[in-house]
file structure_5.txt (compact mmCIF, C-alpha atoms)
# COMPACT_ATOMS: atom_id res chain seq x y z
CA MET A 1 35.01 -18.02 9.21
CA SER A 2 37.27 -14.99 9.17
CA LYS A 3 37.49 -12.70 6.21
CA THR A 4 39.57 -9.64 5.46
CA LEU A 5 37.61 -6.67 4.15
CA LYS A 6 39.33 -4.14 1.92
CA LEU A 7 37.70 -0.99 3.17
CA ASP A 8 39.62 1.70 1.35
CA SER A 9 39.83 0.29 -2.14
CA GLU A 10 38.89 2.47 -5.10
CA ASP A 11 36.24 -0.06 -6.15
CA ALA A 12 34.57 0.12 -2.74
CA LYS A 13 34.49 3.93 -2.85
CA LYS A 14 33.04 3.89 -6.36
CA PHE A 15 30.37 1.37 -5.39
CA ALA A 16 29.37 3.40 -2.31
CA ALA A 17 29.13 6.55 -4.45
CA LYS A 18 27.07 4.74 -7.09
CA ILE A 19 24.50 3.45 -4.58
CA GLN A 20 24.35 6.85 -2.87
CA GLU A 21 23.63 8.54 -6.22
CA ARG A 22 21.17 5.91 -7.45
CA SER A 23 19.20 5.90 -4.19
CA GLY A 24 19.43 9.67 -3.72
CA GLU A 25 19.83 9.08 0.01
CA PRO A 26 22.40 10.74 2.30
CA ILE A 27 23.89 7.38 3.28
CA ASP A 28 26.96 8.98 4.92
CA MET A 29 24.70 10.62 7.51
CA CYS A 30 23.88 7.27 9.16
CA PHE A 31 25.39 6.93 12.64
CA GLN A 32 24.09 3.41 13.35
CA CYS A 33 21.42 4.18 15.93
CA GLY A 34 19.48 1.08 14.80
CA GLU A 35 16.02 2.69 14.72
CA CYS A 36 15.43 1.30 11.21
CA SER A 37 16.29 -2.24 12.29
CA SER A 38 13.98 -2.08 15.30
CA ALA A 39 11.13 -0.67 13.23
CA CYS A 40 11.45 -3.13 10.33
CA PRO A 41 8.57 -5.67 10.45
CA VAL A 42 10.42 -8.18 8.22
CA SER A 43 13.88 -8.01 9.85
CA PRO A 44 13.55 -11.53 11.38
CA GLU A 45 13.84 -12.84 7.80
CA MET A 46 16.92 -10.77 7.01
CA ASP A 47 20.58 -11.80 7.13
CA LEU A 48 21.78 -8.19 7.32
CA MET A 49 19.77 -5.80 9.50
CA PRO A 50 18.64 -2.62 7.69
CA SER A 51 21.18 -0.55 9.67
CA THR A 52 23.94 -2.99 8.68
CA LEU A 53 22.86 -2.65 5.05
CA VAL A 54 23.44 1.10 5.30
CA ARG A 55 26.79 0.65 7.09
CA PHE A 56 28.02 -1.82 4.47
CA THR A 57 26.91 0.62 1.75
CA GLN A 58 28.97 3.38 3.39
CA LEU A 59 31.93 1.00 3.20
CA GLY A 60 31.16 -0.08 -0.38
CA LEU A 61 31.09 -3.81 0.44
CA LYS A 62 29.59 -4.80 -2.89
CA ASP A 63 29.78 -8.60 -2.64
CA GLU A 64 28.32 -8.71 0.87
CA LEU A 65 25.49 -6.40 -0.19
CA ILE A 66 24.38 -7.90 -3.49
CA ASN A 67 24.54 -11.42 -2.09
CA ALA A 68 22.48 -10.50 0.98
CA LYS A 69 19.00 -11.97 1.42
CA THR A 70 17.96 -8.64 2.92
CA ILE A 71 17.57 -6.81 -0.39
CA TRP A 72 14.92 -9.35 -1.46
CA VAL A 73 13.15 -9.33 1.92
CA CYS A 74 12.56 -5.57 2.18
CA ALA A 75 8.84 -4.93 1.62
CA SER A 76 9.27 -1.18 0.93
CA CYS A 77 6.87 -0.41 3.79
CA PHE A 78 8.83 2.73 4.81
CA HIS A 79 8.83 2.03 8.54
CA CYS A 80 12.60 2.65 8.46
CA VAL A 81 12.42 6.16 7.03
CA ALA A 82 9.56 7.07 9.38
CA ARG A 83 11.87 6.36 12.32
CA CYS A 84 15.28 7.44 11.00
CA PRO A 85 16.50 10.58 12.81
CA LYS A 86 18.46 11.48 9.67
CA GLY A 87 15.58 10.75 7.30
CA ILE A 88 17.40 8.03 5.37
CA ASP A 89 15.06 5.88 3.35
CA VAL A 90 16.54 2.37 3.59
CA ALA A 91 13.91 1.08 1.14
CA LYS A 92 15.54 3.29 -1.49
CA VAL A 93 18.98 1.91 -0.62
CA ALA A 94 17.65 -1.66 -0.94
CA GLU A 95 16.09 -0.78 -4.29
CA ALA A 96 19.35 0.73 -5.55
CA LEU A 97 21.14 -2.49 -4.54
CA ARG A 98 18.54 -4.75 -6.17
CA GLN A 99 18.87 -2.74 -9.35
CA GLU A 100 22.57 -3.59 -9.40
CA LEU A 101 21.51 -7.17 -10.17
CA LEU A 102 18.26 -6.60 -12.03
CA ARG A 103 19.96 -4.32 -14.54
CA LYS A 104 22.23 -7.24 -15.33
CA LYS A 105 19.13 -9.33 -16.05
CA LEU A 106 19.47 -11.39 -12.86
CA ASP A 107 15.81 -11.71 -11.96
CA TYR A 108 14.80 -12.85 -8.50
CA VAL A 109 11.22 -13.80 -9.43
CA GLU A 110 10.17 -15.12 -12.83
CA VAL A 111 6.51 -15.11 -13.78
CA ARG A 112 6.84 -18.49 -15.51
CA ASP A 113 7.77 -20.03 -12.16
CA LEU A 114 4.32 -19.25 -10.76
CA SER A 115 1.92 -22.19 -10.87
CA MET A 116 -1.42 -21.91 -12.65
CA GLU A 117 -3.12 -22.04 -9.26
CA GLU A 118 -1.04 -19.08 -8.01
CA ARG A 119 -1.70 -17.11 -11.18
CA GLN A 120 -5.42 -17.61 -10.74
CA GLU A 121 -5.48 -16.87 -7.04
CA ILE A 122 -3.07 -13.98 -6.60
CA PRO A 123 -4.51 -10.60 -7.69
CA GLN A 124 -2.79 -8.51 -10.35
CA ILE A 125 -1.88 -5.77 -7.85
CA ALA A 126 0.38 -8.30 -6.07
CA ILE A 127 1.85 -9.90 -9.19
CA ILE A 128 2.63 -6.57 -10.90
CA SER A 129 4.18 -5.02 -7.79
CA ASN A 130 6.24 -8.15 -7.10
CA LEU A 131 7.56 -8.33 -10.65
CA ARG A 132 8.26 -4.59 -10.69
CA LYS A 133 10.41 -5.06 -7.60
CA PHE A 134 12.03 -8.39 -8.34
CA SER A 135 12.46 -8.67 -12.09
CA ARG A 136 13.88 -6.45 -14.80
CA MET B 1 -19.63 18.00 -6.44
CA LYS B 2 -18.28 16.08 -9.44
CA ILE B 3 -14.76 14.75 -9.26
CA PRO B 4 -12.66 12.42 -11.47
CA TYR B 5 -11.71 9.20 -9.79
CA PHE B 6 -8.99 6.67 -10.56
CA PRO B 7 -10.04 3.05 -9.87
CA GLY B 8 -6.89 1.06 -10.67
CA CYS B 9 -6.79 -2.68 -11.35
CA SER B 10 -8.03 -4.08 -8.05
CA LEU B 11 -11.26 -2.15 -7.80
CA LYS B 12 -12.51 -3.94 -10.88
CA THR B 13 -11.64 -7.36 -9.48
CA ILE B 14 -10.82 -8.24 -5.85
CA GLY B 15 -11.95 -4.84 -4.56
CA GLU B 16 -15.27 -4.73 -6.37
CA GLY B 17 -17.18 -4.07 -3.15
CA PHE B 18 -14.77 -1.24 -2.32
CA GLU B 19 -15.62 0.57 -5.56
CA LYS B 20 -19.36 -0.05 -5.51
CA SER B 21 -19.76 0.96 -1.87
CA ALA B 22 -17.55 4.06 -2.37
CA ILE B 23 -19.48 5.34 -5.38
CA ALA B 24 -22.82 4.74 -3.66
CA SER B 25 -21.70 6.32 -0.36
CA ALA B 26 -20.18 9.31 -2.16
CA ALA B 27 -23.52 9.88 -3.91
CA VAL B 28 -25.22 10.13 -0.49
CA LEU B 29 -22.75 12.93 0.31
CA ASP B 30 -23.54 14.65 -3.04
CA ILE B 31 -20.18 13.64 -4.52
CA GLU B 32 -20.24 12.20 -8.02
CA LEU B 33 -17.15 10.04 -8.54
CA ASN B 34 -16.61 9.91 -12.30
CA GLU B 35 -14.24 7.22 -13.51
CA LEU B 36 -11.29 8.78 -15.32
CA PRO B 37 -11.59 8.04 -19.05
CA ARG B 38 -8.76 5.97 -20.60
CA TRP B 39 -6.97 5.44 -17.30
CA VAL B 40 -3.93 3.17 -17.33
CA CYS B 41 -2.38 1.03 -14.57
CA CYS B 42 -0.43 3.21 -12.14
CA GLY B 43 2.40 0.63 -12.02
CA THR B 44 1.55 -0.32 -8.39
CA VAL B 45 4.95 0.53 -6.88
CA SER B 46 6.69 3.84 -7.32
CA SER B 47 10.22 3.72 -8.63
CA LEU B 48 12.64 4.38 -5.78
CA THR B 49 15.78 5.05 -7.82
CA THR B 50 16.75 8.53 -8.99
CA ASP B 51 17.66 7.49 -12.53
CA ASP B 52 14.47 5.63 -13.43
CA LEU B 53 11.95 7.90 -15.12
CA MET B 54 10.32 5.18 -17.19
CA HIS B 55 8.15 3.95 -14.36
CA HIS B 56 6.83 7.44 -13.61
CA LEU B 57 5.33 7.72 -17.10
CA ALA B 58 2.14 5.76 -16.40
CA PRO B 59 1.16 7.79 -13.31
CA VAL B 60 1.90 11.08 -15.09
CA ARG B 61 -0.07 9.91 -18.14
CA ASN B 62 -3.09 9.49 -15.86
CA LEU B 63 -2.58 13.00 -14.49
CA ILE B 64 -2.51 14.33 -18.07
CA ARG B 65 -5.90 12.65 -18.62
CA VAL B 66 -7.23 14.68 -15.64
CA GLN B 67 -5.70 17.86 -17.04
CA ASP B 68 -7.34 17.15 -20.42
CA LEU B 69 -10.72 17.14 -18.64
CA GLU B 70 -9.84 20.63 -17.32
CA GLU B 71 -10.06 19.25 -13.81
CA THR B 72 -7.58 19.88 -10.99
CA GLN B 73 -8.23 16.97 -8.63
CA LEU B 74 -8.06 13.21 -8.89
CA VAL B 75 -9.49 10.95 -6.19
CA THR B 76 -8.25 7.43 -5.54
CA LEU B 77 -9.57 4.70 -3.29
CA CYS B 78 -6.68 2.23 -3.37
CA SER B 79 -3.80 3.22 -1.07
CA VAL B 80 -1.26 1.81 -3.56
CA CYS B 81 -2.59 3.88 -6.49
CA TYR B 82 -2.77 6.92 -4.22
CA SER B 83 0.88 6.64 -3.23
CA THR B 84 2.16 5.91 -6.74
CA LEU B 85 0.24 8.75 -8.39
CA LYS B 86 1.15 11.21 -5.64
CA ARG B 87 4.86 10.32 -5.68
CA SER B 88 5.14 10.79 -9.44
CA ASN B 89 3.17 14.02 -9.22
CA THR B 90 5.49 15.35 -6.54
CA LEU B 91 8.58 14.27 -8.47
CA VAL B 92 7.66 16.19 -11.63
CA LYS B 93 6.46 19.23 -9.66
CA ASN B 94 9.86 19.48 -7.98
CA ASP B 95 12.03 18.61 -10.97
CA PRO B 96 11.28 20.60 -14.16
CA GLU B 97 14.13 18.87 -16.03
CA LYS B 98 12.64 15.42 -15.43
CA LEU B 99 9.17 16.73 -16.33
CA LYS B 100 10.55 18.11 -19.61
CA THR B 101 12.12 14.75 -20.47
CA MET B 102 8.87 12.94 -19.71
CA ASN B 103 6.75 15.41 -21.66
CA GLN B 104 9.05 14.99 -24.65
CA PHE B 105 8.83 11.22 -24.37
CA MET B 106 5.01 11.36 -24.29
CA TYR B 107 4.90 13.70 -27.29
CA ARG B 108 1.46 12.50 -28.37
CA GLU B 109 -0.03 13.72 -25.08
CA SER B 110 -0.47 17.33 -24.02
CA ASP B 111 2.39 18.59 -21.82
CA TYR B 112 1.72 18.05 -18.12
CA GLN B 113 1.42 21.40 -16.34
CA CYS B 114 1.55 20.02 -12.76
CA ASN B 115 -1.81 21.49 -11.83
CA VAL B 116 -3.50 18.29 -10.65
CA LYS B 117 -3.81 17.35 -7.00
CA VAL B 118 -3.99 13.67 -6.04
CA LEU B 119 -6.38 12.98 -3.17
CA HIS B 120 -7.30 9.84 -1.29
CA PHE B 121 -11.07 9.45 -0.79
CA LEU B 122 -10.49 9.58 2.99
CA GLU B 123 -8.92 13.05 2.59
CA LEU B 124 -11.98 14.18 0.69
CA LEU B 125 -14.22 12.87 3.49
CA ARG B 126 -12.10 14.74 6.06
CA GLU B 127 -12.47 17.93 4.01
CA ILE B 128 -16.25 17.48 3.92
CA GLY B 129 -16.21 16.84 7.65
CA PHE B 130 -17.15 13.74 9.61
CA ASP B 131 -20.03 15.72 11.19
CA LYS B 132 -21.64 16.04 7.78
CA ILE B 133 -21.22 12.30 7.27
CA LYS B 134 -22.92 11.74 10.65
CA GLU B 135 -25.98 13.66 9.45
CA LYS B 136 -26.52 11.13 6.66
CA ILE B 137 -26.46 8.05 8.88
CA LYS B 138 -29.65 6.03 8.91
CA LYS B 139 -28.36 2.97 10.74
CA PRO B 140 -25.49 3.70 13.16
CA LEU B 141 -23.01 0.83 13.48
CA ARG B 142 -23.83 0.36 17.17
CA GLY B 143 -22.43 -2.73 18.79
CA LEU B 144 -19.76 -3.24 16.13
CA THR B 145 -16.17 -3.09 17.41
CA LEU B 146 -13.53 -2.39 14.78
CA SER B 147 -9.77 -2.45 14.54
CA PRO B 148 -8.54 0.23 12.08
CA TYR B 149 -5.62 -0.88 9.90
CA TYR B 150 -3.55 1.64 7.91
CA GLY B 151 -0.70 -0.48 6.58
CA CYS B 152 2.05 1.39 4.77
CA LEU B 153 1.28 3.56 1.80
CA LEU B 154 -1.68 5.46 3.19
CA VAL B 155 0.55 7.17 5.76
CA ARG B 156 4.18 6.58 4.78
CA PRO B 157 6.53 8.10 3.78
CA LYS B 158 5.18 11.18 5.56
CA GLU B 159 5.55 13.48 2.51
CA PHE B 160 3.02 11.32 0.69
CA GLY B 161 0.79 10.19 3.55
CA ILE B 162 -2.70 11.40 4.41
CA ASP B 163 -2.15 11.48 8.17
CA ASP B 164 0.55 11.29 10.83
CA PRO B 165 2.95 8.44 9.86
CA GLU B 166 3.22 7.11 13.44
CA THR B 167 -0.10 8.02 15.09
CA PRO B 168 -2.78 8.37 12.43
CA THR B 169 -6.38 8.95 13.55
CA ILE B 170 -8.42 9.39 10.37
CA LEU B 171 -9.85 5.85 10.24
CA GLN B 172 -10.67 5.97 13.96
CA ALA B 173 -12.48 9.29 13.47
CA LEU B 174 -14.52 7.99 10.55
CA THR B 175 -15.50 4.68 12.16
CA LYS B 176 -16.46 6.44 15.39
CA ALA B 177 -18.54 8.94 13.41
CA LEU B 178 -20.37 5.98 11.86
CA GLY B 179 -21.29 4.80 15.36
CA ALA B 180 -18.85 1.88 15.75
CA ASP B 181 -16.52 1.26 18.67
CA VAL B 182 -12.79 1.30 17.97
CA ILE B 183 -9.94 -0.62 19.59
CA ASP B 184 -6.29 0.40 19.68
CA ASN B 185 -4.17 -2.02 17.68
CA PRO B 186 -0.39 -1.48 17.90
CA TYR B 187 -0.13 -3.43 14.63
CA GLN B 188 -2.29 -0.90 12.76
CA LEU B 189 0.77 0.44 10.92
CA LYS B 190 2.70 -2.80 10.53
CA CYS B 191 3.18 -3.98 6.98
CA CYS B 192 0.96 -6.86 5.80
CA GLY B 193 3.83 -8.21 3.68
CA SER B 194 2.62 -6.45 0.54
CA TYR B 195 4.01 -7.96 -2.70
CA HIS B 196 5.73 -10.77 -0.79
CA THR B 197 2.38 -12.55 -1.02
CA VAL B 198 3.76 -13.84 -4.36
CA ASP B 199 7.21 -15.09 -3.32
CA LYS B 200 6.95 -15.40 0.49
CA PRO B 201 3.34 -16.27 1.42
CA ASN B 202 4.55 -17.74 4.73
CA LEU B 203 6.02 -14.38 5.74
CA VAL B 204 2.71 -12.71 4.85
CA ALA B 205 0.88 -15.28 6.98
CA ASP B 206 3.22 -14.56 9.94
CA LEU B 207 2.56 -10.82 9.71
CA GLY B 208 -1.18 -11.32 9.21
CA TYR B 209 -1.38 -13.62 12.21
CA LYS B 210 0.02 -10.93 14.52
CA ILE B 211 -2.17 -8.14 13.14
CA LEU B 212 -5.40 -10.16 13.14
CA THR B 213 -4.88 -12.06 16.38
CA TYR B 214 -4.19 -8.85 18.28
CA ALA B 215 -7.40 -7.38 16.87
CA ARG B 216 -9.41 -10.49 17.76
CA ASN B 217 -7.96 -10.75 21.28
CA SER B 218 -8.66 -7.08 21.93
CA GLY B 219 -12.33 -7.58 21.24
CA ALA B 220 -12.56 -6.40 17.63
CA ASP B 221 -15.28 -7.97 15.46
CA ALA B 222 -13.57 -6.97 12.20
CA LEU B 223 -10.64 -5.08 10.71
CA VAL B 224 -11.27 -1.92 8.67
CA LEU B 225 -8.86 -0.81 5.93
CA SER B 226 -8.49 0.99 2.60
CA CYS B 227 -6.06 -1.07 0.50
CA PRO B 228 -7.02 -3.98 -1.78
CA LEU B 229 -3.55 -5.56 -1.45
CA CYS B 230 -3.76 -5.42 2.36
CA ALA B 231 -7.28 -6.84 2.03
CA PHE B 232 -6.03 -9.80 0.00
CA ASN B 233 -3.18 -10.47 2.43
CA LEU B 234 -5.34 -10.12 5.52
CA ASP B 235 -8.52 -11.75 4.20
CA ASN B 236 -7.70 -14.39 1.56
CA ARG B 237 -4.40 -15.32 3.22
CA GLN B 238 -6.28 -16.31 6.39
CA ARG B 239 -6.35 -19.76 4.80
CA GLU B 240 -2.51 -19.89 4.98
CA ILE B 241 -2.53 -18.35 8.48
CA LYS B 242 -4.85 -21.12 9.67
CA ARG B 243 -2.50 -23.71 8.14
CA GLN B 244 0.54 -22.21 9.90
CA TYR B 245 -1.20 -21.39 13.18
CA PRO B 246 -3.95 -23.90 14.03
CA ASP B 247 -5.08 -21.74 16.98
CA PHE B 248 -5.93 -18.85 14.65
CA VAL B 249 -9.53 -17.65 14.69
CA GLU B 250 -10.83 -16.05 11.47
CA ILE B 251 -11.93 -12.42 11.50
CA PRO B 252 -13.71 -10.50 8.72
CA ILE B 253 -12.06 -7.64 6.80
CA LEU B 254 -14.11 -4.61 5.74
CA TYR B 255 -13.35 -1.58 3.59
CA PHE B 256 -14.22 1.76 5.22
CA THR B 257 -16.61 2.48 2.35
CA GLN B 258 -18.55 -0.71 3.06
CA LEU B 259 -19.06 0.58 6.60
CA MET B 260 -20.30 3.89 5.22
CA ALA B 261 -22.72 2.10 2.87
CA LEU B 262 -24.00 0.01 5.82
CA ALA B 263 -24.50 3.09 7.98
CA PHE B 264 -26.23 4.91 5.11
CA ASP B 265 -28.49 1.83 4.73
CA LEU B 266 -27.71 1.37 1.04
CA ASP B 267 -28.68 -1.64 -1.10
CA GLU B 268 -26.97 -4.86 -0.17
CA GLU B 269 -25.65 -5.52 -3.67
CA ARG B 270 -23.48 -2.44 -3.35
CA LEU B 271 -21.53 -3.97 -0.50
CA GLY B 272 -19.84 -6.75 -2.48
CA PHE B 273 -19.49 -9.15 0.47
CA ASP B 274 -19.91 -12.17 -1.81
CA ILE B 275 -16.24 -12.12 -2.83
CA HIS B 276 -14.77 -11.88 0.69
CA TYR B 277 -12.88 -14.94 1.91
CA VAL B 278 -14.08 -14.55 5.51
CA ASP B 279 -17.78 -13.88 5.21
CA PRO B 280 -18.74 -10.75 7.21
CA VAL B 281 -22.48 -11.39 6.78
CA PRO B 282 -23.08 -13.57 9.88
CA LEU B 283 -21.37 -10.93 12.04
CA LEU B 284 -23.37 -8.09 10.50
CA LYS B 285 -26.63 -10.03 10.91
CA GLU B 286 -25.79 -10.77 14.52
CA LYS B 287 -25.26 -7.03 15.07
CA GLN B 288 -28.54 -6.39 13.24
CA LEU B 289 -26.77 -4.30 10.61
CA LEU B 290 -27.96 -6.57 7.80
CA ILE B 291 -31.32 -8.22 7.36
CA ASP B 292 -31.89 -11.79 6.19
CA SER B 293 -32.67 -10.99 2.56
CA LEU B 294 -29.00 -10.87 1.53
CA PRO B 295 -28.23 -13.35 -1.27
CA LEU B 296 -26.38 -16.48 -0.26
CA ILE B 297 -22.59 -16.21 -0.21
CA LYS B 298 -20.70 -18.21 -2.82
CA GLU B 299 -18.93 -21.30 -1.61
CA LYS B 300 -15.23 -20.82 -0.88
call {"tool": "encode", "arguments": {"input": "structure_5.txt", "output": "structure tokens"}}
result
Amino acid sequence: MSKTLKLDSEDAKKFAAKIQERSGEPIDMCFQCGECSSACPVSPEMDLMPSTLVRFTQLGLKDELINAKTIWVCASCFHCVARCPKGIDVAKVAEALRQELLRKKLDYVEVRDLSMEERQEIPQIAIISNLRKFSR
Amino acid sequence: MKIPYFPGCSLKTIGEGFEKSAIASAAVLDIELNELPRWVCCGTVSSLTTDDLMHHLAPVRNLIRVQDLEETQLVTLCSVCYSTLKRSNTLVKNDPEKLKTMNQFMYRESDYQCNVKVLHFLELLREIGFDKIKEKIKKPLRGLTLSPYYGCLLVRPKEFGIDDPETPTILQALTKALGADVIDNPYQLKCCGSYHTVDKPNLVADLGYKILTYARNSGADALVLSCPLCAFNLDNRQREIKRQYPDFVEIPILYFTQLMALAFDLDEERLGFDIHYVDPVPLLKEKQLLIDSLPLIKEK
């Protein structure tokens, strides 16, 4: 399926600037070396590689980014930033993108969806961290 | 030496053996770990956005509790608590404006002066020196081969880690000092899946399979780590790993403090093995590191 991307629109520039500010990361420094994608232990589950996530953020491709599975797959393990020659923390970029949805009350995980068995089995450290990442 | 210590949620539940063995082992080294009064949950994950101060309040509130005791250090055992407390501490130290906002918000507390240092227990042991730890050993862990596992937050990001983010050696140094053999596991830094254990247990099982199978195939008898969340994912989730990978062979998970308690020949009830999913007792008996008097393990 072909699709035309509007790369220079004002909205795209604003979105890129917003994510850059919210993440605090120098996203424009990325030159697509791919170290983050090769280091990421959960990239096989992702639809956009971590390096693609950063590239799309540079271009302000809001729809592609907030609809990507990737932002909910990132485990914030910081392998990406350990390898990045420019020191860009992709986990922070993913968090800034997730927040775009979570701040609009679009939760990814809801505690009421967990079964009683899961609630009894899974320790609080996992439940709290998961809900902190994936719900408002 | 007396030092305040922050347990966090897991050390009172799934990581009970971690806490008990740490307090008992610290006592052997003349360190009194005193639980921080009125501690609150650290929040487990540090906020990664620049405009979210709310989630830094709980860690800073704990640091104020340390300051109120007129102490300047806080020791943690859990890697997650360590990272969260240290990140918030660093944030307010480097940003007086944000600190001012947070102090104003927590107006019932004393203002945080940024004079508390957050330490992981492993850092404290390194400061004391592994040679001093060696002197206290009564039963060296001879014959036990271990695979150290760091996971994420103990060493990454590097500003908040206790060792090199790519080639850490602290767990190897400690386990060798205790008399055990150590294998090299290239998965020692790979994420265990962390909080995805809630929404993607299959992904956690995939990651755990690689980490644990490499350890087992390289001749390790057990994995040694310092994080209760990693411990849950790599111990309890072995049930899911076995379901996904029928060829998987179980392997016990041990906290580094349990190894210290074993080497110091401390009471068995301080080891907390009864809540492990994969029972380490048969292995430790086989290696003659435990005697037969240990109480029976609860049924799974």
call {"tool": "interface_residues", "arguments": {"input": "structure_5.txt", "of": "chain B", "to": "chain A", "cutoff": "6 Å", "atoms": "only C-alpha atoms", "output": "list in words"}}
result
Thr44, Val45, Leu48, Thr49, Thr50, Cys152, Pro157 and Tyr195 of chain B
call {"tool": "residues_around", "arguments": {"input": "structure_5.txt", "residues": "segment 197-209 of chain B", "least_positions_apart": "4", "cutoff": "6 Å", "atoms": "only C-alpha atoms", "output": "list in words"}}
result
Cys192, Gly193, Thr213, Leu234 and Ile241 of chain B
call {"tool": "residues_around", "arguments": {"input": "structure_5.txt", "residues": "Cys30 of chain A", "least_positions_apart": "6", "cutoff": "10 Å", "atoms": "all atoms listed in the file", "output": "ChimeraX atom specification"}}
result
/A:51,54-55,58,84-88
call {"tool": "atom_distance", "arguments": {"input": "structure_5.txt", "atom1": "atom CA of Ile251 of chain B", "atom2": "atom CA of Ser21 of chain B"}}
result
20.5 Å
call {"tool": "atom_distance", "arguments": {"input": "structure_5.txt", "atom1": "atom CA of Val118 of chain B", "atom2": "atom CA of Asn62 of chain B"}}
result
10.7 Å
call {"tool": "closest_residue", "arguments": {"input": "structure_5.txt", "among": "A:Ala16, A:Leu61, A:Thr70, A:Ser9", "to": "Ser43 of chain A", "atoms": "only C-alpha atoms"}}
result
A:Thr70
call {"tool": "atom_distance", "arguments": {"input": "structure_5.txt", "atom1": "atom CA of Ser218 of chain B", "atom2": "atom CA of Phe248 of chain B"}}
result
14.1 Å
call {"tool": "closest_residue", "arguments": {"input": "structure_5.txt", "among": "B:Cys78, B:Ala24, B:Ile31, B:Val155", "to": "Gly272 of chain B", "atoms": "all atoms listed in the file"}}
result
B:Ala24
call {"tool": "closest_residue", "arguments": {"input": "structure_5.txt", "among": "B:Gly8, B:Gly161, B:Gly151, B:Gly179", "to": "Leu262 of chain B", "atoms": "only C-alpha atoms"}}
result
B:Gly179
